[in-house]
Amino acid sequence: MSNRIENRIQTLKERREKALVTYMTAGLPDMEGCKALIKAQEEAGTDILELGIPFSDPVADGPVIQAASYKAIQQGTNLKKVFALMGEIRNEGVEIPIIFMMYYNTILHYGIKEFVRECVQCGVDGVIVPDLPLEEQKELRKALEIEKAPILIQLVSPVSTDRIPKILEGARGFVYCVSSMGVTGQSGNFHQEIINYLSNVKAVSKIPVMMGFGICYASDVAPMKDIIDGAIVGSHFINLMEEHKYSIEAAKEYCQTFKRELNAL
Amino acid sequence: MKKMDKRYYGEFGGQYVSESLMNTLAEIEMAFEEAIKDEAFKREYHYYLEQYVGRKTPLYYAQRLSEAYGTKIYLKREDLNHTGAHKINNVVGQILLARRMGKKKVIAETGAGQHGVATATIAALFGMECTIYMGAEDMERQKLNVLRMQLLGAKVERVTSGSNTLKDATNEAIRVWAKTAEDTFYVIGSAVGPYPYPKMVKEFQRVISKESKQQIMEVEGKLPDVVLACVGGGSNSIGMFAEFIEEPTIHLIGVEAAGLGIETGKHASAMALGKSGTLHGMKSYLLQDEDGNIQLAHSISAGLDYPGVGPEHAYLRDTKRVEYVSITDVEAMEALQELCKLEGIIPAIESAHAIAYAKKQAQKMKKEDIMIICLSGRGDKDVHTVADYLEGKGYMN
C-alpha cells in the first residue's frame with residue numbers, strides 16, 4: 001500500500017531535492033479555475049499541494065487566507081463540492097499528492113467516519129487540522145486506521161519544545177514546522193530562535209521537516225537550507241494569484257522558479 | 001476514557017487550539033490550580049471584590065414582583081457591581097492570575113463592550129497594558145462603551161473579518177494571543193474557550209452562588225426551590241449555579257435568547273437544536289449551517305448574541321441537571337419594562353430574559369416557594385436599544 005505523499009518524499013530523497021509545498025484555498029477563483037490551477041502546479045513541478053477547505057472561523061489563519069476563505073464560502077464552496085472536485089481530477093489522471101487543510105468542525109459536521117471514507121474514495125492523501133492538537137486527535141486517528149486513509153500531518157511550533165518528541169511519535173509523511181508563532185502569512189520576521197528550533201525538530205524526526213508560515217521566495221529559507229527538507233508557501237501564493245487574477249501562467253512561473261531556486265540553494 | 005479527562009465535561013470541552021497554544025494553556029492551568037489553593041491569592045481576590053467591586057451584592061427580596069408573579073422572588077443584584085455587571089468578578093481573578101504569572105499585557109474580546117470595559121477597568125487598576133478586540137459592527141452600535149474603554153486607557157482594535165461581531169473579535173484575540181502569549185494574558189469573558197478557561201471562569205464567578213446560598217439561608221432558613229439565570233456563553237449562570245449543582249432538590253433553569261423565535265432561525269439558543277461542534281477552542285453546542293460553518297446568532301441582547309455556549313452547560317443540559325429554555329426578544333422587553341415599573345430597577349436586556357422566564361415558571365410554583373434570579377447586569381447600556389424598540393424602529397442588534 002502506498003500513499004502519494006510518501007511516494008513523492010521517496011522520490012525527492014532519491015533525487016536529493018527539497019520539496020515545494022503550496023497552499024491554495026479550494027474553490028478559488030471558482031471550481032473549474034481551481035482544477036486548472038491544480039493541474040498547472042503538477043506540471044510546474046510543485047511536489048505537494050495543500051487544499052484549504054474554507055471555514056467561517058479560521059483562527060489559525062492570517063488576513064490573506066481569511067479573506068480567501070470568506071470569498072470561497074460566499075461562492076458556495078463546501079467540503080462536498082471539494083470532494084467532487086477531487087474525484088474528478090483523480091479520474092482525469094492528476095497524481096500530485098493533495099492534503100486537505102481544514103478546521104476540525106468541518107470534519108465533525110461531516111461525520112468523522114464518513115469524512116475518512118470519502119477521502120479514501122476521492123484520493124485525498126493527507127489532512128492537516130490546525131485546531132486539533134495531539135491531545136485531541138484520538139477520535140480522528142482511530143477513524144484513519146483504515147486502508148488507504150489519508151495521513152494526519154503533524155504540526156509543531158517554535159514553542160512546542162518538550163512536546164516535539166511526543167508529537168513526532170508515529171507521525172507520517174512530513175512534519176510541518178510553523179516557522180513563526182501564531183498565524184499564517186506573517187512575512188519576513190522569523191522567530192528569533194528558528195534555526196535552533198528547526199535543528200531540534202530535525203534531530204528527532206524520522207520524516208522530512210518542512211517549514212511553513214511567512215515564506216515568499218526560495219531565498220527566504222536559505223539560512224536553514226541545511227536543516228529543512230522543504231518549504232510551504234501559503235499566503236504569498238494566494239496573494240500572487242489574486243494579483244494575477246488566478247493566471248495559470250503566473251502560477252506555473254512562480255512554482256517553477258521557486259522549485260529551481262530551492263534546489264540551487 | 002474521555003469521561004475521566006479533567007479537560008472535559010462529559011463529551012464537551014477540551015482544547016481545540018493550535019499547537020502553539022498548548023504549552024501556554026498548560027502554564028495557565030498550573031498557575032491557576034496553584035493560585036486557587038493559595039491563601040494569599042484568595043485574600044487578594046476577595047479584597048478587591050469587597051473594596052473595589054463593592055461586594056457582597058444584595059440578595060434583594062423583590063416584594064412587588066413576587067406579588068405580581070405569585071411566588072417569592074429574590075434578585076441577586078450583580079447589577080450593583082462596579083462597571084454594572086457580574087463580568088468584573090472574573091476579570092479581577094484572571095488579571096490577578098496574569099500578574100502572578102508575570103504577564104505585562106492583557107487582551108480581551110468583547111461584544112457589547114461589558115467584558116471589554118471590565119477588563120480595561122482592572123487593567124487600569126493594576127497598571128497593565130490592555131488591548132480589546134471588538135467587531136467593527138459592534139463598535140458602531142456600542143460607541144459609549146468604546147469611549148469608556150479608551151478613557152480607561154485601553155486600546156480598542158477594530159475587527160473587520162467575517163461577520164465583524166463578537167465571534168470574529170474572539171477569533172482575532174485568539175490569533176493575537178497565539179503570537180504574543182509569552183508576555184500577554186488572554187482574559188476570556190465567558191465560560192467558554194479551551195480548558196482551563198471554562199473552569200477558571202466558573203471559579204471566579206462562583207462567588208455569586210456562594211453569597212446567595214448564605215444570604216438565602218440567613219433570611220429564609222432554607223434553600224431556594226428554583227434558581228434562574230440567563231445564558232449566552234454562560235458566565236453569570238455557571239456562577240449562579242455552581243454552589244447549587246450539588247443540591248439535587250433545587251431546580252436550576254438557564255434561559256437562552258430565542259431572538260425572533262427559534263423557528264425563524266434568527267436566535268441565539270445554541271442548545272435548542274442540539275448540534276455540537278468545535279469553536280474557540282472548545283467542543284460544545286453551536287449554531288451552524290448545513291456545511292458546518294458557524295452561524296450568526298441573533299438576539300436583541302448583545303450579551304447573549306453568541307453562537308455557542310460554555311461546555312459545562314452543554315454537559316448540564318445532556319445530564320438534565322439544568323433545564324435550558326429560551327425567551328424571545330419581545331418577551332424579554334416586556335419583562336424589562338415590568339421590572340422597571342414594579343421594582344425601580346432597569347435590568348440589562350440579558351437579565352430581562354431571566355425575569356421573563358421567571359414569570360412563566362412562577363405559575364408552576366406555590367406562593368411560599370422561593371426563586372432566586374441572577375440579575376446579571378444593569379440596563380443603562382441598553383437604553384438606546386430600548387428606545388428604538390419602543391419607537392418600533394426595530395433595533396440594531
# chains A, B, ... in the order shown; residues from 1 in each chain; ligands from 1
call {"tool": "residues_around", "arguments": {"residues": "region 150-166 of chain A", "least_positions_apart": "3", "cutoff": "7 Å", "atoms": "only C-alpha atoms", "output": "MDAnalysis selection string"}}
result
(chainID A and resid 119:120 124:128 144 169 171:181 194 197 201 204) or (chainID B and resid 19:20 23)
call {"tool": "residues_around", "arguments": {"residues": "Ala218 (chain A)", "least_positions_apart": "2", "cutoff": "12 Å", "atoms": "only C-alpha atoms", "output": "VMD selection string"}}
result
chain A and resid 18 to 21 211 to 212 214 to 216 220 to 225 230 to 233 236 254 to 265
call {"tool": "write_last_selection", "arguments": {"atoms": "N, CA, C and O atoms", "output": "tab-separated table (two decimals), in the first residue's frame"}}
result
chain	number	residue	atom	x	y	z
A	18	LYS	N	14.75	19.21	-2.53
A	18	LYS	CA	13.87	19.69	-1.47
A	18	LYS	C	12.46	19.84	-2.05
A	18	LYS	O	12.30	20.01	-3.26
A	19	ALA	N	11.49	19.78	-1.17
A	19	ALA	CA	10.10	19.82	-1.61
A	19	ALA	C	9.53	21.23	-1.64
A	19	ALA	O	9.82	22.04	-0.76
A	20	LEU	N	8.73	21.49	-2.65
A	20	LEU	CA	7.92	22.71	-2.66
A	20	LEU	C	6.47	22.29	-2.40
A	20	LEU	O	5.90	21.50	-3.14
A	21	VAL	N	5.92	22.84	-1.32
A	21	VAL	CA	4.52	22.58	-0.98
A	21	VAL	C	3.78	23.91	-1.09
A	21	VAL	O	4.23	24.91	-0.54
A	211	MET	N	9.13	23.57	6.37
A	211	MET	CA	8.88	24.81	7.09
A	211	MET	C	7.80	25.62	6.39
A	211	MET	O	7.82	25.76	5.17
A	212	GLY	N	6.88	26.15	7.16
A	212	GLY	CA	5.81	26.95	6.59
A	212	GLY	C	5.53	28.20	7.40
A	212	GLY	O	6.13	28.39	8.45
A	214	GLY	N	4.76	32.33	6.33
A	214	GLY	CA	5.53	33.53	6.05
A	214	GLY	C	6.61	33.41	4.98
A	214	GLY	O	7.46	34.28	4.86
A	215	ILE	N	6.60	32.33	4.21
A	215	ILE	CA	7.62	32.17	3.16
A	215	ILE	C	7.10	32.71	1.83
A	215	ILE	O	5.98	32.40	1.42
A	216	CYS	N	7.92	33.54	1.17
A	216	CYS	CA	7.54	34.09	-0.13
A	216	CYS	C	8.42	33.56	-1.25
A	216	CYS	O	7.94	33.15	-2.30
A	220	ASP	N	14.10	32.94	1.06
A	220	ASP	CA	13.69	33.09	2.46
A	220	ASP	C	14.17	31.92	3.32
A	220	ASP	O	14.35	32.06	4.53
A	221	VAL	N	14.34	30.75	2.70
A	221	VAL	CA	14.73	29.60	3.51
A	221	VAL	C	16.22	29.29	3.38
A	221	VAL	O	16.70	28.28	3.90
A	222	ALA	N	16.95	30.17	2.70
A	222	ALA	CA	18.39	29.96	2.53
A	222	ALA	C	19.12	29.74	3.86
A	222	ALA	O	19.93	28.82	3.97
A	223	PRO	N	18.81	30.53	4.89
A	223	PRO	CA	19.55	30.35	6.15
A	223	PRO	C	19.36	28.98	6.80
A	223	PRO	O	20.17	28.56	7.60
A	224	MET	N	18.27	28.29	6.43
A	224	MET	CA	18.04	26.98	7.04
A	224	MET	C	18.06	25.85	6.02
A	224	MET	O	17.53	24.79	6.26
A	225	LYS	N	18.72	26.11	4.92
A	225	LYS	CA	18.70	25.12	3.82
A	225	LYS	C	19.33	23.79	4.21
A	225	LYS	O	18.94	22.75	3.67
A	230	GLY	N	12.06	20.96	2.96
A	230	GLY	CA	11.11	21.55	2.05
A	230	GLY	C	10.50	22.82	2.61
A	230	GLY	O	10.65	23.12	3.79
A	231	ALA	N	9.83	23.57	1.72
A	231	ALA	CA	9.21	24.82	2.12
A	231	ALA	C	7.74	24.83	1.71
A	231	ALA	O	7.37	24.29	0.67
A	232	ILE	N	6.93	25.45	2.56
A	232	ILE	CA	5.49	25.54	2.30
A	232	ILE	C	5.12	27.00	2.08
A	232	ILE	O	5.43	27.86	2.91
A	233	VAL	N	4.48	27.28	0.95
A	233	VAL	CA	4.08	28.65	0.64
A	233	VAL	C	2.56	28.73	0.61
A	233	VAL	O	1.92	28.01	-0.15
A	236	HIS	N	1.44	33.89	0.54
A	236	HIS	CA	2.08	34.58	-0.58
A	236	HIS	C	1.54	34.07	-1.91
A	236	HIS	O	1.32	34.85	-2.84
A	254	TYR	N	5.77	30.89	-11.10
A	254	TYR	CA	6.17	31.02	-9.71
A	254	TYR	C	6.67	29.68	-9.16
A	254	TYR	O	7.75	29.60	-8.56
A	255	CYS	N	5.92	28.62	-9.39
A	255	CYS	CA	6.29	27.32	-8.83
A	255	CYS	C	7.59	26.80	-9.44
A	255	CYS	O	8.44	26.27	-8.74
A	256	GLN	N	7.72	26.98	-10.76
A	256	GLN	CA	8.96	26.53	-11.42
A	256	GLN	C	10.17	27.26	-10.86
A	256	GLN	O	11.18	26.66	-10.53
A	257	THR	N	10.05	28.58	-10.78
A	257	THR	CA	11.16	29.39	-10.27
A	257	THR	C	11.51	28.99	-8.84
A	257	THR	O	12.68	28.81	-8.50
A	258	PHE	N	10.48	28.88	-8.01
A	258	PHE	CA	10.71	28.55	-6.60
A	258	PHE	C	11.44	27.22	-6.49
A	258	PHE	O	12.44	27.08	-5.79
A	259	LYS	N	10.93	26.24	-7.21
A	259	LYS	CA	11.49	24.89	-7.13
A	259	LYS	C	12.95	24.90	-7.62
A	259	LYS	O	13.82	24.29	-7.00
A	260	ARG	N	13.20	25.61	-8.71
A	260	ARG	CA	14.56	25.68	-9.25
A	260	ARG	C	15.50	26.34	-8.23
A	260	ARG	O	16.55	25.81	-7.89
A	261	GLU	N	15.07	27.48	-7.74
A	261	GLU	CA	15.92	28.21	-6.80
A	261	GLU	C	16.11	27.45	-5.48
A	261	GLU	O	17.18	27.51	-4.88
A	262	LEU	N	15.07	26.75	-5.08
A	262	LEU	CA	15.14	25.98	-3.83
A	262	LEU	C	16.24	24.92	-3.93
A	262	LEU	O	17.01	24.71	-2.99
A	263	ASN	N	16.31	24.28	-5.07
A	263	ASN	CA	17.30	23.21	-5.22
A	263	ASN	C	18.68	23.72	-5.56
A	263	ASN	O	19.64	22.97	-5.54
A	264	ALA	N	18.76	25.01	-5.88
A	264	ALA	CA	20.06	25.59	-6.19
A	264	ALA	C	20.68	26.24	-4.94
A	264	ALA	O	21.81	26.71	-4.98
A	265	LEU	N	19.91	26.27	-3.86
A	265	LEU	CA	20.40	26.95	-2.64
A	265	LEU	C	21.71	26.33	-2.14
A	265	LEU	O	21.87	25.12	-2.18
call {"tool": "closest_residue", "arguments": {"among": "A:Gly27, A:Gly170, A:Pro97, A:Pro63", "to": "Gln41 (chain A)", "atoms": "only C-alpha atoms"}}
result
A:Pro97
call {"tool": "residues_around", "arguments": {"residues": "Ala352 (chain B)", "least_positions_apart": "5", "cutoff": "8 Å", "atoms": "only C-alpha atoms", "output": "PyMOL selection string"}}
result
chain B and resi 332-333+335-336+347+375
call {"tool": "write_last_selection", "arguments": {"atoms": "N, CA, C and O atoms", "output": "tab-separated table (two decimals), in the first residue's frame"}}
result
chain	number	residue	atom	x	y	z
B	332	ALA	N	-38.64	39.34	26.46
B	332	ALA	CA	-37.61	39.96	27.31
B	332	ALA	C	-37.88	41.44	27.49
B	332	ALA	O	-37.73	41.98	28.60
B	333	MET	N	-38.29	42.11	26.42
B	333	MET	CA	-38.54	43.55	26.51
B	333	MET	C	-39.75	43.86	27.40
B	333	MET	O	-39.77	44.87	28.10
B	335	ALA	N	-40.64	42.02	29.98
B	335	ALA	CA	-40.17	41.77	31.34
B	335	ALA	C	-39.30	42.93	31.82
B	335	ALA	O	-39.37	43.34	32.99
B	336	LEU	N	-38.50	43.45	30.92
B	336	LEU	CA	-37.64	44.58	31.28
B	336	LEU	C	-38.48	45.75	31.79
B	336	LEU	O	-38.20	46.33	32.84
B	347	PRO	N	-33.06	46.58	34.32
B	347	PRO	CA	-32.11	45.49	34.16
B	347	PRO	C	-31.47	45.52	32.77
B	347	PRO	O	-32.02	46.12	31.85
B	375	LEU	N	-29.70	38.72	38.61
B	375	LEU	CA	-29.84	39.96	37.84
B	375	LEU	C	-28.42	40.37	37.44
B	375	LEU	O	-27.75	41.10	38.14
call {"tool": "closest_residue", "arguments": {"among": "B:Asp5, B:Phe244, B:Arg175, B:Ala257", "to": "Gly62 (chain A)", "atoms": "only C-alpha atoms"}}
result
B:Arg175
call {"tool": "residues_around", "arguments": {"residues": "Thr106 (chain A)", "least_positions_apart": "3", "cutoff": "6 Å", "atoms": "only C-alpha atoms", "output": "list of chain:residue names"}}
result
A:Tyr103, A:His109, B:Gly292
call {"tool": "write_last_selection", "arguments": {"atoms": "C-alpha atoms", "output": "compact mmCIF listing (two decimals), in the first residue's frame"}}
result
# COMPACT_ATOMS: atom_id res chain seq x y z
CA TYR A 103 -10.68 23.04 10.70
CA HIS A 109 -20.02 18.18 10.95
CA GLY B 292 -20.60 23.15 9.33
call {"tool": "select_by_dssp", "arguments": {"residues": "region 40-246 of chain A", "states": "strand (DSSP E or B)", "output": "ChimeraX atom specification"}}
result
/A:48-52,98-101,126-128,151-152,154-156,175-178,209-212,230-233
call {"tool": "write_last_selection", "arguments": {"atoms": "N, CA, C and O atoms", "output": "CSV table (one decimal), in the first residue's frame"}}
result
chain,number,residue,atom,x,y,z
A,48,ILE,N,3.9,18.9,-3.5
A,48,ILE,CA,2.7,18.5,-2.7
A,48,ILE,C,1.8,19.8,-2.6
A,48,ILE,O,2.3,20.9,-2.5
A,49,LEU,N,0.5,19.5,-2.7
A,49,LEU,CA,-0.4,20.6,-2.7
A,49,LEU,C,-1.3,20.5,-1.5
A,49,LEU,O,-1.9,19.5,-1.2
A,50,GLU,N,-1.4,21.7,-0.8
A,50,GLU,CA,-2.4,21.8,0.3
A,50,GLU,C,-3.6,22.5,-0.3
A,50,GLU,O,-3.5,23.6,-0.8
A,51,LEU,N,-4.8,21.9,-0.1
A,51,LEU,CA,-6.0,22.5,-0.5
A,51,LEU,C,-6.8,22.9,0.8
A,51,LEU,O,-7.2,22.1,1.6
A,52,GLY,N,-7.0,24.2,0.9
A,52,GLY,CA,-7.7,24.7,2.1
A,52,GLY,C,-9.2,24.6,1.9
A,52,GLY,O,-9.7,25.1,1.0
A,98,ILE,N,-2.2,15.4,-2.6
A,98,ILE,CA,-3.0,16.5,-2.1
A,98,ILE,C,-3.4,16.3,-0.7
A,98,ILE,O,-3.8,15.2,-0.2
A,99,ILE,N,-3.2,17.4,0.1
A,99,ILE,CA,-3.6,17.4,1.5
A,99,ILE,C,-4.7,18.4,1.8
A,99,ILE,O,-4.7,19.5,1.3
A,100,PHE,N,-5.7,18.0,2.5
A,100,PHE,CA,-6.7,18.9,2.9
A,100,PHE,C,-6.3,19.7,4.2
A,100,PHE,O,-5.9,19.0,5.2
A,101,MET,N,-6.3,21.0,4.1
A,101,MET,CA,-6.0,21.8,5.3
A,101,MET,C,-7.4,22.3,5.8
A,101,MET,O,-8.0,23.0,5.0
A,126,GLY,N,-3.6,13.4,2.5
A,126,GLY,CA,-3.3,13.8,3.8
A,126,GLY,C,-4.3,14.8,4.3
A,126,GLY,O,-5.1,15.4,3.6
A,127,VAL,N,-4.2,15.1,5.7
A,127,VAL,CA,-5.1,16.0,6.3
A,127,VAL,C,-4.3,16.8,7.3
A,127,VAL,O,-3.5,16.2,8.1
A,128,ILE,N,-4.4,18.1,7.3
A,128,ILE,CA,-3.9,19.0,8.3
A,128,ILE,C,-5.0,19.7,9.0
A,128,ILE,O,-5.8,20.3,8.4
A,151,ILE,N,-3.0,10.6,5.5
A,151,ILE,CA,-2.1,10.7,6.6
A,151,ILE,C,-2.5,12.0,7.4
A,151,ILE,O,-2.8,13.0,6.8
A,152,LEU,N,-2.5,11.9,8.7
A,152,LEU,CA,-2.7,13.1,9.5
A,152,LEU,C,-1.3,13.8,9.7
A,152,LEU,O,-0.4,13.3,10.4
A,154,GLN,N,1.4,16.2,11.1
A,154,GLN,CA,1.6,16.8,12.5
A,154,GLN,C,2.3,18.2,12.3
A,154,GLN,O,3.2,18.3,11.6
A,155,LEU,N,1.8,19.1,13.1
A,155,LEU,CA,2.3,20.4,13.2
A,155,LEU,C,3.2,20.6,14.5
A,155,LEU,O,2.7,20.2,15.5
A,156,VAL,N,4.3,21.3,14.3
A,156,VAL,CA,5.0,21.7,15.6
A,156,VAL,C,5.3,23.2,15.5
A,156,VAL,O,5.3,23.8,14.4
A,175,VAL,N,6.8,16.5,8.7
A,175,VAL,CA,6.4,17.3,9.9
A,175,VAL,C,6.3,18.8,9.4
A,175,VAL,O,7.3,19.2,8.8
A,176,TYR,N,5.2,19.4,9.7
A,176,TYR,CA,5.0,20.8,9.3
A,176,TYR,C,5.5,21.7,10.4
A,176,TYR,O,4.9,21.7,11.5
A,177,CYS,N,6.6,22.4,10.2
A,177,CYS,CA,7.1,23.3,11.2
A,177,CYS,C,6.6,24.7,11.0
A,177,CYS,O,6.9,25.3,10.0
A,178,VAL,N,5.8,25.1,11.9
A,178,VAL,CA,5.4,26.5,11.9
A,178,VAL,C,6.6,27.4,12.2
A,178,VAL,O,7.2,27.2,13.2
A,209,VAL,N,11.3,17.3,7.3
A,209,VAL,CA,10.9,18.5,8.0
A,209,VAL,C,10.6,19.6,7.0
A,209,VAL,O,11.5,20.1,6.3
A,210,MET,N,9.4,20.1,7.0
A,210,MET,CA,9.1,21.2,6.1
A,210,MET,C,8.7,22.4,6.9
A,210,MET,O,8.1,22.3,8.0
A,211,MET,N,9.1,23.6,6.4
A,211,MET,CA,8.9,24.8,7.1
A,211,MET,C,7.8,25.6,6.4
A,211,MET,O,7.8,25.8,5.2
A,212,GLY,N,6.9,26.2,7.2
A,212,GLY,CA,5.8,27.0,6.6
A,212,GLY,C,5.5,28.2,7.4
A,212,GLY,O,6.1,28.4,8.4
A,230,GLY,N,12.1,21.0,3.0
A,230,GLY,CA,11.1,21.6,2.0
A,230,GLY,C,10.5,22.8,2.6
A,230,GLY,O,10.7,23.1,3.8
A,231,ALA,N,9.8,23.6,1.7
A,231,ALA,CA,9.2,24.8,2.1
A,231,ALA,C,7.7,24.8,1.7
A,231,ALA,O,7.4,24.3,0.7
A,232,ILE,N,6.9,25.5,2.6
A,232,ILE,CA,5.5,25.5,2.3
A,232,ILE,C,5.1,27.0,2.1
A,232,ILE,O,5.4,27.9,2.9
A,233,VAL,N,4.5,27.3,0.9
A,233,VAL,CA,4.1,28.6,0.6
A,233,VAL,C,2.6,28.7,0.6
A,233,VAL,O,1.9,28.0,-0.1
call {"tool": "closest_atom_pairs", "arguments": {"of": "chain B", "to": "chain A", "cutoff": "10 Å", "atoms": "only C-alpha atoms", "output": "CSV"}}
result
residue,atom,partner,partner_atom,distance
B:Gly14,CA,A:Glu136,CA,7.4
B:Gln15,CA,A:Glu136,CA,7.1
B:Tyr16,CA,A:Asp131,CA,5.1
B:Val17,CA,A:Asp131,CA,4.5
B:Ser18,CA,A:Asp131,CA,4.7
B:Glu19,CA,A:Pro133,CA,5.4
B:Ser20,CA,A:Ser157,CA,5.4
B:Leu21,CA,A:Val159,CA,8.2
B:Met22,CA,A:Pro133,CA,7.6
B:Asn23,CA,A:Ser160,CA,6.8
B:Thr24,CA,A:Val159,CA,8.8
B:Thr160,CA,A:Pro63,CA,9.9
B:Ser161,CA,A:Gln66,CA,7.5
B:Gly162,CA,A:Tyr70,CA,6.9
B:Ser163,CA,A:Ser56,CA,9.1
B:Lys167,CA,A:Asp57,CA,8.1
B:Asp168,CA,A:Asp57,CA,7.3
B:Thr170,CA,A:Val59,CA,9.0
B:Asn171,CA,A:Val59,CA,5.3
B:Glu172,CA,A:Val59,CA,7.2
B:Ala173,CA,A:Val59,CA,9.2
B:Ile174,CA,A:Val59,CA,6.8
B:Arg175,CA,A:Val59,CA,6.1
B:Val176,CA,A:Gly182,CA,7.0
B:Trp177,CA,A:Gly182,CA,7.6
B:Ala178,CA,A:Gly182,CA,4.5
B:Lys179,CA,A:Gly182,CA,4.1
B:Thr180,CA,A:Gly182,CA,7.9
B:Ala181,CA,A:Met181,CA,9.2
B:Glu182,CA,A:Val159,CA,9.4
B:Lys275,CA,A:His109,CA,8.8
B:Ser276,CA,A:His109,CA,8.3
B:Gly277,CA,A:Asn105,CA,5.5
B:Thr278,CA,A:Asn105,CA,5.1
B:Leu279,CA,A:Asn105,CA,7.3
B:His280,CA,A:Val59,CA,8.0
B:Gly281,CA,A:Asp131,CA,7.6
B:Met282,CA,A:Asp131,CA,10.0
B:Lys283,CA,A:Asn105,CA,8.9
B:Gln288,CA,A:His109,CA,9.0
B:Asp289,CA,A:His109,CA,9.5
B:Glu290,CA,A:His109,CA,8.4
B:Asp291,CA,A:Asn78,CA,6.2
B:Gly292,CA,A:His109,CA,5.3
B:Asn293,CA,A:Ser56,CA,5.2
B:Ile294,CA,A:Ser56,CA,6.0
B:Gln295,CA,A:Ser56,CA,8.4
call {"tool": "closest_residue", "arguments": {"among": "B:Asp329, B:Glu343, B:Glu129, B:Glu109", "to": "Tyr61 (chain B)", "atoms": "only C-alpha atoms"}}
result
B:Glu343
call {"tool": "select_by_dssp", "arguments": {"residues": "region 261-358 of chain B", "states": "alpha helix (DSSP H)", "output": "ChimeraX atom specification"}}
result
/B:311-318,329-343,349-358
call {"tool": "closest_residue", "arguments": {"among": "A:Leu12, A:Ser205, A:Leu240, A:Ile89", "to": "Cys34 (chain A)", "atoms": "only C-alpha atoms"}}
result
A:Ile89
call {"tool": "atom_distance", "arguments": {"atom1": "CA of Lys206 (chain A)", "atom2": "CA of Asn7 (chain A)"}}
result
15.4 Å
call {"tool": "closest_residue", "arguments": {"among": "B:Leu144, B:Ala387, B:Leu166, B:Leu342", "to": "Ala297 (chain B)", "atoms": "only C-alpha atoms"}}
result
B:Leu166
